[in-house]
Amino acid sequence: MSVVSKPMFMNERQRKFREGYIGAISPFYNGIVHIGVMYLVGISAIYYCASQLVAPGWAWLTIIPVAIAGNFVEWGMHFFVMHRLIDKFALRAIYDRHTRQHHQYFTDNDYTIDTTQEFRIVFFPWRVLIVLGIFGTLFGYIAAKIFNPNVGYILYITMVGHYLLYETFHFCCHVKENWFVRNLPFVNTIRRHHAAHHNLGIMMHKNMNLTFPIADWALGTSDVKRSLLGTLFNGFDETHIDPKLKPIIKKFQDSHVQEEKVTLEGPILSSDEQQILRA
Ligand SMILES: [Zn+2]
Ligand SMILES: [Zn+2]
């Protein structure tokens, strides 16, 4: 049955992980404060930069290359940092939080949340926005020197806007199904795309985008095989899923396989499966 319309089913393994994770959340954690501050700071930064623009005109074109580059950075961070252990302090923490926690908490059997306390496992910590703000300022400053201040501010707006879109889209992937996530173009596409990414068999190789699956399409890591437009507007459609992936996806939805062949570092794959996933 399709990953987006089947009823959620949590097995023992996932249930135990969730119990442990929720039990360890600090009593001082508040999900609304967590995301409230993130959106307030992000939107204020965008508002400030927009208020500094003076007749930007052609400078608005800055959005196009920056957004496309951002899409590939999003893919690269997810593929090479969040799913490949780099044993250096901050990078290891990112891997830990994503592969060892986020992907154990959510699988394609059950990828939804029930409470605002669970925002902790869905949204990045504040330090990610701070790091992004620092890089945005640096790149914005360089762009302002090379071109003009408008370009610098628009670059910054695009970077922070992309981040807020990432968090919002990812949130839409993990809420309970509703009319909005089922029908809104792009949101429905990313919800199915990301639910498929949470399959414990393909999670280390497929569907790395979280906003628009452009880099996944370009780099051949989308689970659906169709044109760029088809991929972007795929919605909940599952008819174009690569037939070679289907046996792997099905296998890793099984509780016994998960018990035996899934570790905190991802699935234990046969060499045939690895070959298919790397193709
Ligand atoms: Zn997720
Ligand atoms: Zn992932």
# chains A, B, ... in the order shown; residues from 1 in each chain; ligands from 1

$ residues_around --residues "Ala93 in chain A" --least-positions-apart "3" --cutoff "12 Å" --atoms "only C-alpha atoms" --output "list in words"
Val81, Met82, His83, Arg84, Leu85, Ile86, Asp87, Lys88, Phe89, Ala90, Asp96, Arg97, His98, Thr99, Arg100, Gln101, Phe124, Pro125, Arg127 and Val128 of chain A

$ residues_around --residues "Ala55 in chain A" --least-positions-apart "4" --cutoff "12 Å" --atoms "only C-alpha atoms" --output "PyMOL selection string"
chain A and resi 50-51+59-60+148-151

$ residues_around --residues "Pro7 in chain A" --least-positions-apart "5" --cutoff "12 Å" --atoms "only C-alpha atoms" --output "PyMOL selection string"
chain A and resi 1-2+108-112+176-177

$ write_last_selection --atoms "C-alpha atoms" --output "compact mmCIF listing (two decimals), in the first residue's frame"
# COMPACT_ATOMS: atom_id res chain seq x y z
CA MET A 1 0.00 0.00 0.00
CA SER A 2 1.15 3.53 -0.69
CA ASP A 108 7.99 5.14 6.71
CA ASN A 109 5.72 2.97 8.91
CA ASP A 110 5.01 5.91 11.19
CA TYR A 111 6.43 9.33 10.46
CA THR A 112 4.03 11.60 12.29
CA LYS A 176 -0.65 14.10 10.77
CA GLU A 177 -2.11 13.93 7.30

$ residues_around --residues "Cys172 in chain A" --least-positions-apart "5" --cutoff "12 Å" --atoms "only C-alpha atoms" --output "PyMOL selection string"
chain A and resi 111-113+119+122-123+165-167+177-184+186-195+210-211

$ write_last_selection --atoms "C-alpha atoms" --output "PDB file, in the first residue's frame"
ATOM      1  CA  TYR A 111       6.434   9.329  10.455  1.00  0.00           C
ATOM      2  CA  THR A 112       4.025  11.604  12.293  1.00  0.00           C
ATOM      3  CA  ILE A 113       4.023  13.467  15.598  1.00  0.00           C
ATOM      4  CA  PHE A 119       9.115  19.562  17.778  1.00  0.00           C
ATOM      5  CA  VAL A 122      11.631  17.656  13.924  1.00  0.00           C
ATOM      6  CA  PHE A 123      13.236  21.127  14.024  1.00  0.00           C
ATOM      7  CA  LEU A 165      11.139  26.986   4.039  1.00  0.00           C
ATOM      8  CA  TYR A 166      13.208  23.878   4.826  1.00  0.00           C
ATOM      9  CA  GLU A 167      11.972  23.780   8.411  1.00  0.00           C
ATOM     10  CA  GLU A 177      -2.106  13.934   7.298  1.00  0.00           C
ATOM     11  CA  ASN A 178      -4.555  16.712   6.488  1.00  0.00           C
ATOM     12  CA  TRP A 179      -6.116  18.550   3.548  1.00  0.00           C
ATOM     13  CA  PHE A 180      -3.272  21.066   3.337  1.00  0.00           C
ATOM     14  CA  VAL A 181      -0.386  18.612   3.041  1.00  0.00           C
ATOM     15  CA  ARG A 182      -2.386  16.405   0.692  1.00  0.00           C
ATOM     16  CA  ASN A 183      -3.339  19.131  -1.767  1.00  0.00           C
ATOM     17  CA  LEU A 184      -0.803  21.946  -1.725  1.00  0.00           C
ATOM     18  CA  PHE A 186       5.258  21.108  -3.602  1.00  0.00           C
ATOM     19  CA  VAL A 187       4.166  20.369  -0.020  1.00  0.00           C
ATOM     20  CA  ASN A 188       2.436  17.141  -1.096  1.00  0.00           C
ATOM     21  CA  THR A 189       5.450  16.268  -3.256  1.00  0.00           C
ATOM     22  CA  ILE A 190       7.947  16.719  -0.433  1.00  0.00           C
ATOM     23  CA  ARG A 191       5.735  14.872   2.055  1.00  0.00           C
ATOM     24  CA  ARG A 192       5.732  11.704  -0.035  1.00  0.00           C
ATOM     25  CA  HIS A 193       9.375  12.226  -1.043  1.00  0.00           C
ATOM     26  CA  HIS A 194      10.472  12.516   2.594  1.00  0.00           C
ATOM     27  CA  ALA A 195       8.211   9.719   3.886  1.00  0.00           C
ATOM     28  CA  LEU A 210      13.684  18.697   1.861  1.00  0.00           C
ATOM     29  CA  THR A 211      12.338  21.675  -0.094  1.00  0.00           C
TER      30      THR A 211
END

$ closest_residue --among "A:Ser26, A:Gln104, A:Thr158, A:Thr62" --to "ligand 1" --atoms "only C-alpha atoms and all ligand atoms"
A:Gln104

$ atom_distance --atom1 "CA of Lys251 in chain A" --atom2 "CA of His198 in chain A"
13.5 Å

$ select_by_dssp --residues "range 54-255 of chain A" --states "alpha helix (DSSP H)" --output "MDAnalysis selection string"
chainID A and resid 63:76 89:95 103:105 119:122 126:146 149:174 179:183 187:197 214:219 228:232 246:251 255
